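> For reference, this is coords.cif, and it has mmCIF, C-alpha atoms and all ligand atoms.
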```
data_target
loop_
_atom_site.label_atom_id
_atom_site.label_comp_id
_atom_site.auth_asym_id
_atom_site.auth_seq_id
_atom_site.Cartn_x
_atom_site.Cartn_y
_atom_site.Cartn_z
CA MET A 1 86.94 106.62 94.36
CA PRO A 2 87.35 102.87 94.15
CA TYR A 3 90.11 102.44 91.60
CA GLN A 4 92.99 104.25 93.13
CA SER A 5 95.72 102.12 91.73
CA GLY A 6 99.07 103.68 92.30
CA SER A 7 98.21 106.27 94.90
CA ARG A 8 97.77 103.80 97.74
CA LEU A 9 100.83 101.64 97.41
CA PRO A 10 103.42 102.97 99.82
CA GLY A 11 106.81 101.47 100.44
CA GLU A 12 106.85 99.35 97.32
CA LYS A 13 110.28 100.59 96.37
CA ALA A 14 112.24 98.59 98.94
CA SER A 15 114.80 96.41 97.22
CA LYS A 16 114.34 92.66 97.01
CA LEU A 17 117.77 92.15 98.59
CA GLY A 18 116.59 94.06 101.64
CA HIS A 19 113.74 91.58 102.03
CA LEU A 20 116.15 88.64 101.87
CA GLU A 21 118.22 89.98 104.74
CA VAL A 22 115.15 90.35 106.91
CA LEU A 23 114.09 86.78 106.18
CA LYS A 24 117.54 85.49 107.13
CA SER A 25 117.47 87.19 110.52
CA GLU A 26 117.41 84.74 113.41
CA LEU A 27 115.19 86.98 115.50
CA VAL A 28 112.64 87.40 112.71
CA ASN A 29 112.52 83.65 112.16
CA LYS A 30 112.13 82.94 115.87
CA LEU A 31 109.32 85.47 116.21
CA CYS A 32 107.51 84.27 113.11
CA SER A 33 107.57 80.66 114.21
CA ASN A 34 105.93 81.71 117.46
CA PHE A 35 103.10 83.70 115.87
CA GLU A 36 99.87 81.86 115.49
CA LEU A 37 96.84 82.39 113.31
CA PRO A 38 93.51 82.76 115.10
CA ALA A 39 91.36 79.64 114.96
CA LYS A 40 88.98 79.84 112.00
CA ASP A 41 85.72 79.98 113.90
CA GLU A 42 86.98 82.22 116.63
CA ASP A 43 84.67 85.17 117.21
CA ILE A 44 86.23 88.36 115.92
CA THR A 45 84.45 90.45 118.51
CA SER A 46 83.61 90.19 122.16
CA GLN A 47 80.39 92.12 121.64
CA GLU A 48 77.33 90.78 119.96
CA LEU A 49 76.37 91.94 116.49
CA ILE A 50 72.64 92.51 116.50
CA TRP A 51 71.49 91.90 112.96
CA GLN A 52 67.92 92.85 112.10
CA PRO A 53 65.93 92.47 108.90
CA TYR A 54 65.92 95.67 106.85
CA PRO A 55 62.66 97.11 105.53
CA THR A 56 61.63 95.88 102.08
CA GLY A 57 58.61 96.21 99.84
CA TYR A 58 58.46 100.00 99.80
CA GLU A 59 58.35 101.75 96.44
CA PRO A 60 61.86 102.04 94.99
CA LEU A 61 62.95 105.65 94.53
CA PRO A 62 62.48 106.51 90.84
CA ILE A 63 65.23 109.15 90.46
CA ILE A 64 68.78 108.35 91.48
CA PHE A 65 71.91 110.47 91.50
CA GLY A 66 75.45 109.15 91.93
CA VAL A 67 78.58 111.21 92.49
CA ASP A 68 82.24 110.33 92.28
CA GLY A 69 85.59 111.97 91.70
CA SER A 70 89.17 111.19 90.86
CA ILE A 71 92.54 112.84 91.23
CA GLN A 72 95.80 112.42 89.37
CA THR A 73 98.93 114.20 90.52
CA VAL A 74 101.63 114.62 87.89
CA LYS A 75 105.21 115.81 88.19
CA GLY A 76 107.14 117.53 85.43
CA ASP A 77 110.42 116.02 84.23
CA SER A 78 112.66 119.09 84.40
CA VAL A 79 114.11 120.77 87.49
CA PRO A 80 112.63 122.49 89.44
CA ARG A 81 109.95 119.84 89.26
CA LYS A 82 106.51 121.25 88.75
CA GLU A 83 103.73 119.39 90.52
CA MET A 84 100.02 119.65 89.77
CA SER A 85 96.89 117.76 90.70
CA PHE A 86 94.25 117.17 88.05
CA ILE A 87 90.83 116.62 89.57
CA LYS A 88 87.61 115.50 88.02
CA THR A 89 84.21 115.06 89.64
CA ALA A 90 81.00 113.79 88.09
CA LEU A 91 77.31 113.68 88.89
CA LEU A 92 75.18 111.11 87.12
CA ARG A 93 71.40 110.82 86.99
CA LEU A 94 69.64 107.50 86.55
CA ASP A 95 65.96 106.78 86.58
CA GLN A 96 64.15 103.50 87.09
CA GLN A 97 63.01 103.63 83.44
CA ALA A 98 66.58 103.70 82.17
CA LEU A 99 67.53 101.06 84.71
CA ALA A 100 64.76 98.79 83.53
CA LYS A 101 66.28 98.84 80.04
CA ILE A 102 69.67 97.66 81.26
CA ASP A 103 70.35 93.97 81.43
CA LYS A 104 71.86 93.76 84.92
CA ASN A 105 73.71 90.51 84.34
CA ASN A 106 75.13 91.42 80.99
CA PRO A 107 74.83 95.18 80.48
CA HIS A 108 75.48 96.31 76.96
CA PRO A 109 78.45 98.70 76.94
CA PHE A 110 76.64 101.04 74.51
CA ALA A 111 73.65 101.28 76.84
CA LEU A 112 75.93 102.21 79.73
CA LYS A 113 77.87 104.64 77.57
CA LYS A 114 74.65 106.34 76.52
CA ILE A 115 73.70 106.95 80.15
CA MET A 116 77.20 108.23 80.86
CA THR A 117 77.03 110.77 78.01
CA ASP A 118 73.36 111.78 78.23
CA ALA A 119 72.80 111.94 81.96
CA ALA A 120 76.09 113.02 83.49
CA LEU A 121 77.75 116.32 84.14
CA TYR A 122 81.30 116.75 85.21
CA HIS A 123 83.79 119.30 86.45
CA ALA A 124 87.53 119.28 85.88
CA THR A 125 90.24 121.47 87.33
CA VAL A 126 93.94 121.55 88.10
CA LEU A 127 95.62 122.73 91.29
CA PRO A 128 99.22 124.01 91.26
CA LEU A 129 101.06 122.26 94.11
CA LYS A 130 104.73 123.04 93.71
CA ASN A 131 106.97 125.24 91.51
CA VAL A 132 103.99 126.48 89.51
CA ARG A 133 101.59 129.30 90.29
CA VAL A 134 99.31 132.07 89.11
CA PRO A 135 101.59 134.99 88.00
CA GLY A 136 102.55 137.36 90.81
CA VAL A 137 101.22 135.39 93.77
CA SER A 138 102.47 132.59 96.01
CA VAL A 139 101.51 128.93 95.56
CA LEU A 140 99.25 129.27 98.60
CA ASP A 141 97.34 132.21 97.14
CA SER A 142 97.29 130.54 93.71
CA VAL A 143 95.63 127.47 95.15
CA ARG A 144 93.12 129.61 97.09
CA GLU A 145 92.26 131.50 93.91
CA VAL A 146 92.02 128.37 91.76
CA ILE A 147 89.77 126.66 94.32
CA PHE A 148 87.44 129.66 94.43
CA GLU A 149 87.32 129.98 90.62
CA SER A 150 86.89 126.22 90.21
CA MET A 151 83.90 126.18 92.54
CA LYS A 152 82.46 128.92 90.30
CA ASP A 153 83.17 126.85 87.16
CA ASP A 154 81.15 128.39 84.30
CA SER A 155 80.48 124.99 82.75
CA LEU A 156 78.32 124.27 85.82
CA ASN A 157 76.91 127.83 86.00
CA GLY A 158 78.76 128.39 89.26
CA GLU A 159 76.19 126.20 91.00
CA PRO A 160 78.60 124.35 93.34
CA LEU A 161 79.72 127.69 94.82
CA GLU A 162 76.08 128.73 95.25
CA THR A 163 75.55 125.43 97.05
CA LEU A 164 78.51 126.07 99.34
CA LYS A 165 76.99 129.44 100.24
CA TRP A 166 73.57 127.84 100.68
CA LEU A 167 75.09 125.38 103.16
CA VAL A 168 77.39 127.65 105.16
CA TYR A 169 74.85 130.48 105.40
CA GLU A 170 72.09 127.90 105.99
CA LYS A 171 69.85 129.55 103.43
CA TRP A 172 67.20 126.81 103.35
CA ASP A 173 64.93 128.46 105.88
CA GLY A 174 65.38 132.01 104.56
CA GLN A 175 66.68 133.34 107.88
CA GLU A 176 69.94 135.30 107.98
CA LYS A 177 72.70 133.59 109.92
CA ALA A 178 76.35 134.39 110.56
CA ILE A 179 78.99 131.90 109.48
CA PRO A 180 81.30 130.56 112.19
CA PRO A 181 84.58 132.54 112.43
CA PHE A 182 87.53 131.01 110.61
CA LYS A 183 91.30 131.45 110.39
CA CYS A 184 92.42 134.30 108.12
CA PRO A 185 94.78 133.10 105.35
CA HIS A 186 96.89 136.30 105.65
CA CYS A 187 97.31 136.98 109.39
CA PRO A 188 97.10 135.00 112.64
CA SER A 189 93.52 136.15 113.26
CA GLN A 190 91.19 133.29 114.09
CA ALA A 191 88.15 135.51 113.79
CA ALA A 192 87.84 136.14 110.07
CA SER A 193 84.26 136.26 108.85
CA LEU A 194 82.08 137.34 105.94
CA PRO A 195 78.74 139.15 105.89
CA TYR A 196 75.63 137.04 105.24
CA GLY A 197 75.53 135.70 101.69
CA ALA A 198 78.90 137.20 100.62
CA GLU A 199 81.44 135.22 98.59
CA LYS A 200 84.26 137.74 99.07
CA GLY A 201 85.22 140.22 101.78
CA ASN A 202 88.14 141.57 103.82
CA CYS A 203 89.74 140.56 107.10
CA THR A 204 88.94 143.09 109.82
CA SER A 205 92.42 142.58 111.36
CA CYS A 206 94.71 142.81 108.31
CA GLY A 207 92.46 143.95 105.47
CA GLY A 208 93.49 140.98 103.28
CA GLU A 209 90.99 139.54 100.83
CA LEU A 210 88.84 136.67 102.09
CA LEU A 211 87.07 134.17 99.86
CA ILE A 212 84.11 132.09 100.97
CA THR A 213 86.15 128.98 100.16
CA ASP A 214 88.73 130.15 102.75
CA MET A 215 86.28 129.37 105.53
CA LEU A 216 86.83 125.69 104.78
CA GLY A 217 90.52 126.12 105.68
CA PHE A 218 92.41 124.77 102.65
CA HIS A 219 95.20 127.24 103.48
CA GLN A 220 95.73 125.55 106.86
CA ASP A 221 97.15 122.55 104.99
CA MET A 222 99.59 124.55 102.85
CA ALA A 223 102.90 126.36 103.14
CA GLU A 224 103.56 129.60 101.26
CA GLU A 225 105.18 127.87 98.25
CA PHE A 226 103.99 124.29 98.61
CA ALA A 227 100.67 122.51 98.71
CA PRO A 228 100.48 118.76 99.45
CA GLU A 229 98.33 116.46 97.35
CA THR A 230 95.92 116.14 100.28
CA VAL A 231 94.68 119.66 99.44
CA GLY A 232 93.62 118.26 96.06
CA THR A 233 91.95 115.25 97.70
CA SER A 234 90.09 117.53 100.11
CA TYR A 235 88.98 119.77 97.24
CA MET A 236 87.72 116.72 95.34
CA LEU A 237 85.74 115.49 98.34
CA ILE A 238 84.24 118.94 98.98
CA HIS A 239 83.36 119.33 95.30
CA GLU A 240 81.69 115.90 95.15
CA THR A 241 79.65 116.87 98.19
CA MET A 242 78.71 120.22 96.61
CA LEU A 243 77.62 118.47 93.39
CA LEU A 244 75.27 116.20 95.30
CA PHE A 245 73.92 119.05 97.39
CA THR A 246 73.46 121.14 94.24
CA GLY A 247 70.91 118.53 93.15
CA ILE A 248 69.27 118.70 96.58
CA ARG A 249 69.32 122.53 96.65
CA LEU A 250 67.89 123.01 93.16
CA TYR A 251 64.92 120.76 93.97
CA TRP A 252 64.55 122.37 97.39
CA GLU A 253 64.32 125.82 95.79
CA SER A 254 62.04 124.86 92.88
CA ASN A 255 59.83 121.95 93.86
CA ARG A 256 60.96 120.32 97.07
CA GLU A 257 58.31 117.57 97.00
CA ILE A 258 60.39 115.87 94.27
CA LEU A 259 63.06 115.16 96.90
CA ASN A 260 60.69 112.60 98.42
CA ASP A 261 61.30 110.50 95.27
CA CYS A 262 65.06 110.99 94.81
CA LEU A 263 68.03 109.03 96.07
CA PHE A 264 71.44 110.70 96.26
CA ILE A 265 74.41 108.36 96.49
CA LYS A 266 77.91 109.41 97.40
CA ASP A 267 80.95 107.24 96.91
CA GLY A 268 82.64 106.99 100.31
CA PRO A 269 81.44 107.70 103.84
CA LEU A 270 79.27 110.69 104.74
CA SER A 271 82.05 112.41 106.63
CA ILE A 272 84.29 115.43 106.26
CA ARG A 273 87.57 115.47 108.15
CA ALA A 274 89.64 118.03 110.06
CA GLN A 275 89.01 121.76 109.48
CA TYR A 276 86.67 121.01 106.56
CA SER A 277 84.26 119.42 109.04
CA LYS A 278 82.75 122.90 109.54
CA LEU A 279 80.27 121.78 106.90
CA VAL A 280 79.02 118.87 109.00
CA ALA A 281 76.85 120.80 111.49
CA PRO A 282 75.01 122.81 108.79
CA ILE A 283 74.37 119.63 106.76
CA ARG A 284 72.93 117.90 109.83
CA ARG A 285 70.74 120.93 110.53
CA PHE A 286 69.46 120.88 106.95
CA PHE A 287 68.42 117.24 107.26
CA ALA A 288 66.70 117.90 110.56
CA PHE A 289 64.93 120.96 109.09
CA ALA A 290 63.78 119.13 105.94
CA LYS A 291 62.42 116.32 108.11
CA SER A 292 60.52 118.82 110.28
CA GLU A 293 59.02 120.24 107.06
CA GLY A 294 57.82 116.79 106.02
CA ILE A 295 60.38 116.41 103.22
CA THR A 296 62.43 113.20 103.19
CA VAL A 297 65.84 113.77 101.62
CA HIS A 298 67.25 110.34 100.75
CA LEU A 299 71.04 110.37 100.88
CA MET A 300 73.47 107.53 101.40
CA GLY A 301 77.20 106.97 101.21
CA GLN A 302 78.87 103.71 100.37
CA GLU A 303 82.47 103.03 101.39
CA LYS A 304 84.66 100.43 99.73
CA THR A 305 87.82 100.64 101.78
CA GLY A 306 88.80 101.23 105.39
CA ARG A 307 88.24 99.69 108.78
CA PHE A 308 84.48 99.33 108.52
CA VAL A 309 84.81 97.45 105.25
CA ASP A 310 87.56 95.23 106.66
CA PHE A 311 85.36 94.49 109.66
CA LEU A 312 82.34 93.58 107.54
CA ASP A 313 84.41 91.43 105.18
CA VAL A 314 85.12 89.14 108.12
CA SER A 315 81.82 89.31 109.98
CA TYR A 316 79.11 89.24 107.30
CA ARG A 317 79.27 85.47 106.84
CA ASN A 318 77.40 84.82 110.06
CA ALA A 319 74.71 87.38 109.26
CA PRO A 320 71.30 86.35 108.00
CA ILE A 321 70.44 87.25 104.39
CA GLY A 322 68.50 90.52 104.11
CA SER A 323 69.75 92.07 107.33
CA ILE A 324 71.52 95.12 108.71
CA PHE A 325 73.51 95.87 111.82
CA ILE A 326 73.70 99.45 113.05
CA PRO A 327 76.78 99.68 115.31
CA GLY A 328 76.64 102.03 118.30
CA ASP A 329 79.42 104.23 119.68
CA LYS A 330 80.86 101.63 122.07
CA PHE A 331 80.87 98.92 119.43
CA ILE A 332 82.61 101.10 116.85
CA LYS A 333 85.32 102.23 119.25
CA GLU A 334 86.07 98.81 120.70
CA GLU A 335 85.52 96.44 117.78
CA VAL A 336 86.15 98.50 114.67
CA GLN A 337 88.57 101.22 115.71
CA HIS A 338 90.22 99.35 118.59
CA ARG A 339 90.54 102.42 120.76
CA PRO A 340 89.48 103.18 124.34
CA GLU A 341 85.82 103.95 124.85
CA ASP A 342 86.37 107.27 126.62
CA GLY A 343 86.55 110.58 124.80
CA ALA A 344 84.19 112.16 122.31
CA ALA A 345 81.52 110.04 120.62
CA TYR A 346 82.56 108.47 117.31
CA GLY A 347 81.89 110.85 114.40
CA VAL A 348 80.49 113.66 116.56
CA ASP A 349 82.49 116.33 114.70
CA THR A 350 83.02 114.71 111.31
CA ASN A 351 80.08 112.52 110.26
CA TYR A 352 76.71 113.52 108.87
CA GLY A 353 75.57 109.96 108.42
CA SER A 354 75.47 106.88 110.66
CA LYS A 355 77.19 103.64 109.69
CA ILE A 356 75.22 100.60 108.68
CA PHE A 357 76.53 97.12 107.93
CA MET A 358 74.32 95.46 105.36
CA LYS A 359 74.08 91.96 103.94
CA ILE A 360 71.74 91.66 100.97
CA ASP A 361 72.69 88.11 99.97
CA ASP A 362 75.78 85.93 99.86
CA TYR A 363 77.31 88.08 97.10
CA HIS A 364 76.42 91.59 98.17
CA HIS A 365 77.36 93.08 101.50
CA MET A 366 78.21 96.73 102.04
CA VAL A 367 79.02 99.51 104.47
CA LEU A 368 76.60 102.40 104.14
CA SER A 369 76.01 105.74 105.85
CA ILE A 370 72.61 107.40 106.14
CA PRO A 371 71.93 110.80 107.78
CA THR A 372 69.97 111.02 111.01
CA GLY A 373 69.64 114.82 111.11
CA THR A 374 70.58 115.55 114.72
CA PHE A 375 73.69 113.56 115.77
CA LYS A 376 72.91 110.18 117.35
CA PRO A 377 75.78 108.24 118.95
CA ASN A 378 73.61 105.10 119.08
CA PRO A 379 71.15 105.35 116.21
CA THR A 380 68.25 102.97 115.59
CA LEU A 381 66.60 102.04 112.30
CA ASP A 382 63.91 104.69 112.91
CA ASP A 383 66.58 107.41 113.12
CA LEU A 384 67.90 106.74 109.60
CA ILE A 385 66.20 109.26 107.32
CA GLY A 386 64.27 107.60 104.49
CA ALA A 387 65.75 104.17 105.27
CA ASP A 388 62.67 102.18 104.24
CA ARG A 389 62.71 103.43 100.63
CA ILE A 390 66.52 103.50 100.42
CA PHE A 391 66.72 99.82 101.39
CA SER A 392 63.90 98.97 98.97
CA THR A 393 65.77 100.75 96.15
CA LEU A 394 69.17 99.11 96.63
CA PRO A 395 68.27 95.74 95.05
CA THR A 396 67.24 97.60 91.86
CA ILE A 397 70.63 99.27 91.43
CA LEU A 398 73.01 96.46 92.32
CA SER A 399 75.73 95.91 89.76
CA SER A 400 76.49 92.36 88.85
CA ARG A 401 80.00 93.21 87.76
CA PHE A 402 81.53 93.80 91.19
CA GLU A 403 80.57 92.42 94.59
CA GLY A 404 78.54 94.91 96.57
CA ALA A 405 78.80 97.53 93.82
CA LEU A 406 76.06 100.00 92.98
CA LEU A 407 75.43 100.92 89.37
CA PRO A 408 75.04 104.71 89.89
CA ILE A 409 78.45 104.89 91.59
CA GLU A 410 80.05 102.58 89.06
CA LEU A 411 78.81 104.75 86.20
CA ALA A 412 79.72 108.02 87.93
CA ASN A 413 83.16 106.55 88.46
CA GLY A 414 83.35 105.80 84.75
CA VAL A 415 82.70 109.46 83.98
CA ALA A 416 85.00 110.84 86.67
CA SER A 417 87.91 108.46 86.26
CA LEU A 418 91.28 109.97 85.39
CA SER A 419 93.47 107.07 86.37
CA THR A 420 92.91 104.83 83.38
CA TYR A 421 95.28 104.81 80.49
CA PRO A 422 95.40 106.84 78.25
CA SER A 423 94.14 109.85 80.22
CA ALA A 424 96.91 109.60 82.84
CA ARG A 425 99.50 109.61 80.06
CA ILE A 426 97.83 112.57 78.36
CA LEU A 427 97.99 114.54 81.62
CA GLN A 428 101.68 113.69 81.94
CA ILE A 429 102.34 114.94 78.41
CA PHE A 430 100.31 118.03 79.19
CA ALA A 431 102.40 118.70 82.28
CA ASP A 432 105.63 118.19 80.33
CA SER A 433 104.63 120.54 77.51
CA PHE A 434 103.66 123.08 80.14
CA ASP A 435 107.15 122.64 81.56
CA LYS A 436 108.78 123.72 78.33
CA GLY A 437 106.44 126.67 77.88
ZN ZN B 1 93.76 138.80 108.36
#
```
Could you spell out this file's structure in structure tokens?
Ligand SMILES: [Zn+2]


Amino acid sequence: MPYQSGSRLPGEKASKLGHLEVLKSELVNKLCSNFELPAKDEDITSQELIWQPYPTGYEPLPIIFGVDGSIQTVKGDSVPRKEMSFIKTALLRLDQQALAKIDKNNPHPFALKKIMTDAALYHATVLPLKNVRVPGVSVLDSVREVIFESMKDDSLNGEPLETLKWLVYEKWDGQEKAIPPFKCPHCPSQAASLPYGAEKGNCTSCGGELLITDMLGFHQDMAEEFAPETVGTSYMLIHETMLLFTGIRLYWESNREILNDCLFIKDGPLSIRAQYSKLVAPIRRFFAFAKSEGITVHLMGQEKTGRFVDFLDVSYRNAPIGSIFIPGDKFIKEEVQHRPEDGAAYGVDTNYGSKIFMKIDDYHHMVLSIPTGTFKPNPTLDDLIGADRIFSTLPTILSSRFEGALLPIELANGVASLSTYPSARILQIFADSFDKG
């Protein structure tokens, strides 16, 4: 989700006069005159960055999938203000043949548009956040219902929900497993569960209806009559992940050898936060299982914002061309996160991929994540699943329009984007007309 204009600009409403007063303050002026900028060549870290050449010359992966999503929250004009989040996610397929036809330096817009219409599928939904609901039930239950129905979206044959079940019940090896207990959305019970393979059931404590999507814990972020926008963001992230894993699952179930030749690219890190991180352990186990079966599932995430990106933006200049640095636990905590080294290992509960800093040339540097299967606090190049072919594929999918951008993500973003005019305006009008209805 690279183009989030608007949603990430907090505190921009402070008045200009307020700024003037701060600048006139004697204390502020005294403090500012004492601050000093770090010397230009000063090392930004106390620890050494160990850059190593990344593998090249392997056969680029011929089939590439990119996934992205976007969210637009709109508020009605009349009181009580209705609030809804529109969400769109997209999966785009590219092959090396199509890529070969695109002029990387000056891509023809029609050629890109053709890929975006012919080779993409998308999902769109809307979550009621405030003062709007499914008739007869609370906002909380409305959102739960909408999330469940959206995952079953007919336009995608309900595949993302099947993928969620495939992941949480760990269906890839055909052995029945119980899902971890979760918090019931109706009563204080922490031990709600569902029988193997089920998508609906009842709480054994209160008898209330349970949906498979409840195990992710969306309801833990909501009040009875209010859902924050973060519920929409979490849904979008989960849905993007399910879209990618739908591709992986369908090949796994039909002809898993094909996975050896596919690359799946997710916009953003390979991590799932807070209660939703229940998906992380099953995903890691899938990667470990596939590896043990001799199938290499190539997956990578690319992040464009955040601390890792800020860190690389400063430190890549000293790196040799064509190299990567795989930071370990201690390095990440001390140099990237600036927190004490004690406590749990970085990403142990939330990440299903390890971070990699990469410098391709002077124009392209990026922060990637690649799965290792079993969690490794200090991964090496050999731990990164399918790294040799992933790194050999990257130069073939670089976009020349943005620094460090990858064409599959850029195109998926083009399909998923809701933020550009006029669609944002259309959604606003839609919300307003809904208001009057
Ligand atoms: Zn219950």

> I'd like the neighbourhood of Cys203 (chain A) as a list in words, where a residue qualifies if any of its atoms comes within 7 Å (using only C-alpha atoms), though same-chain residues fewer than 5 positions away should be ignored.

Cys184, Ala192, Gly208, Glu209 and Leu210 of chain A

> Which value, in Å to one decimal, gives the distance between CA of Ile272 (chain A) and CA of Glu293 (chain A)?

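That distance, rounded to one decimal, is 25.7 Å.
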
> Taking (80.6, 93.5, 120.4) as a centre in this file's frame and 12 Å as the limit, can you find every polymer residue with an atom that close, using only C-alpha atoms, and give them as a list in words?

Asp43, Ile44, Thr45, Ser46, Gln47, Glu48, Leu49, Ile50, Trp51, Phe311, Ser315, Phe325, Ile326, Pro327, Gly328, Asp329, Lys330, Phe331, Ile332, Lys333, Glu334, Glu335, Val336 and His338 of chain A

> Region 155-166 of chain A: which residues within 6 Å, counting all atoms listed in the file, same-chain residues fewer than 3 positions away excluded, as a list in words?

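These residues fall inside the cut-off: Met151, Lys152, Tyr169, Glu170, Lys171, Met242, Leu243 and Thr246 of chain A.
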
> Residues contacting ligand ZN 1 (chain B) - anything with an atom at most 10 Å away, using all atoms listed in the file - can you give me those as a list in words?

Lys183, Cys184, Pro185, His186, Cys187, Pro188, Ser189, Gln190, Ala191, Ala192, Ser193, Asn202, Cys203, Thr204, Ser205, Cys206, Gly207, Gly208, Glu209 and Leu210 of chain A

> Between A:Pro395, A:Gly414, A:Gly268, A:Pro379, which residue has the minimum interatomic distance to Ile356 (chain A), considering only C-alpha atoms?

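Closest to Ile356 (chain A), using only C-alpha atoms: A:Pro379.
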
> Interatomic distance between CA of Gln52 (chain A) and CA of Ile295 (chain A)?

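Straight-line distance from CA of Gln52 (chain A) to CA of Ile295 (chain A) works out to 26.3 Å.
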
> Looking at only C-alpha atoms, which of A:Ala124, A:Val139, A:Ala274, A:Leu263 is the one that sits closest to Ala387 (chain A)?

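Answer, going by the shortest atom-to-atom distance: A:Leu263.
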
> Just the number, please: distance in Å from CA of Thr393 (chain A) to CA of Asn105 (chain A), one decimal.

17.5 Å

> Please report as JSON lines every residue of region 353-428 of chain A lying within 10 Å of region 54-58 of chain A, along with the nearest atom pair and their distance in Å (one decimal), using all atoms listed in the file.


```
{"residue": "A:Met358", "atom": "CA", "partner": "A:Tyr54", "partner_atom": "CA", "distance": 8.5}
{"residue": "A:Lys359", "atom": "CA", "partner": "A:Tyr54", "partner_atom": "CA", "distance": 9.4}
{"residue": "A:Ile360", "atom": "CA", "partner": "A:Tyr54", "partner_atom": "CA", "distance": 9.2}
{"residue": "A:Leu381", "atom": "CA", "partner": "A:Tyr54", "partner_atom": "CA", "distance": 8.4}
{"residue": "A:Ala387", "atom": "CA", "partner": "A:Pro55", "partner_atom": "CA", "distance": 7.7}
{"residue": "A:Asp388", "atom": "CA", "partner": "A:Pro55", "partner_atom": "CA", "distance": 5.2}
{"residue": "A:Arg389", "atom": "CA", "partner": "A:Tyr58", "partner_atom": "CA", "distance": 5.5}
{"residue": "A:Ile390", "atom": "CA", "partner": "A:Tyr58", "partner_atom": "CA", "distance": 8.8}
{"residue": "A:Phe391", "atom": "CA", "partner": "A:Pro55", "partner_atom": "CA", "distance": 6.4}
{"residue": "A:Ser392", "atom": "CA", "partner": "A:Thr56", "partner_atom": "CA", "distance": 4.9}
{"residue": "A:Thr393", "atom": "CA", "partner": "A:Tyr58", "partner_atom": "CA", "distance": 8.2}
{"residue": "A:Leu394", "atom": "CA", "partner": "A:Thr56", "partner_atom": "CA", "distance": 9.8}
{"residue": "A:Pro395", "atom": "CA", "partner": "A:Thr56", "partner_atom": "CA", "distance": 9.7}
```
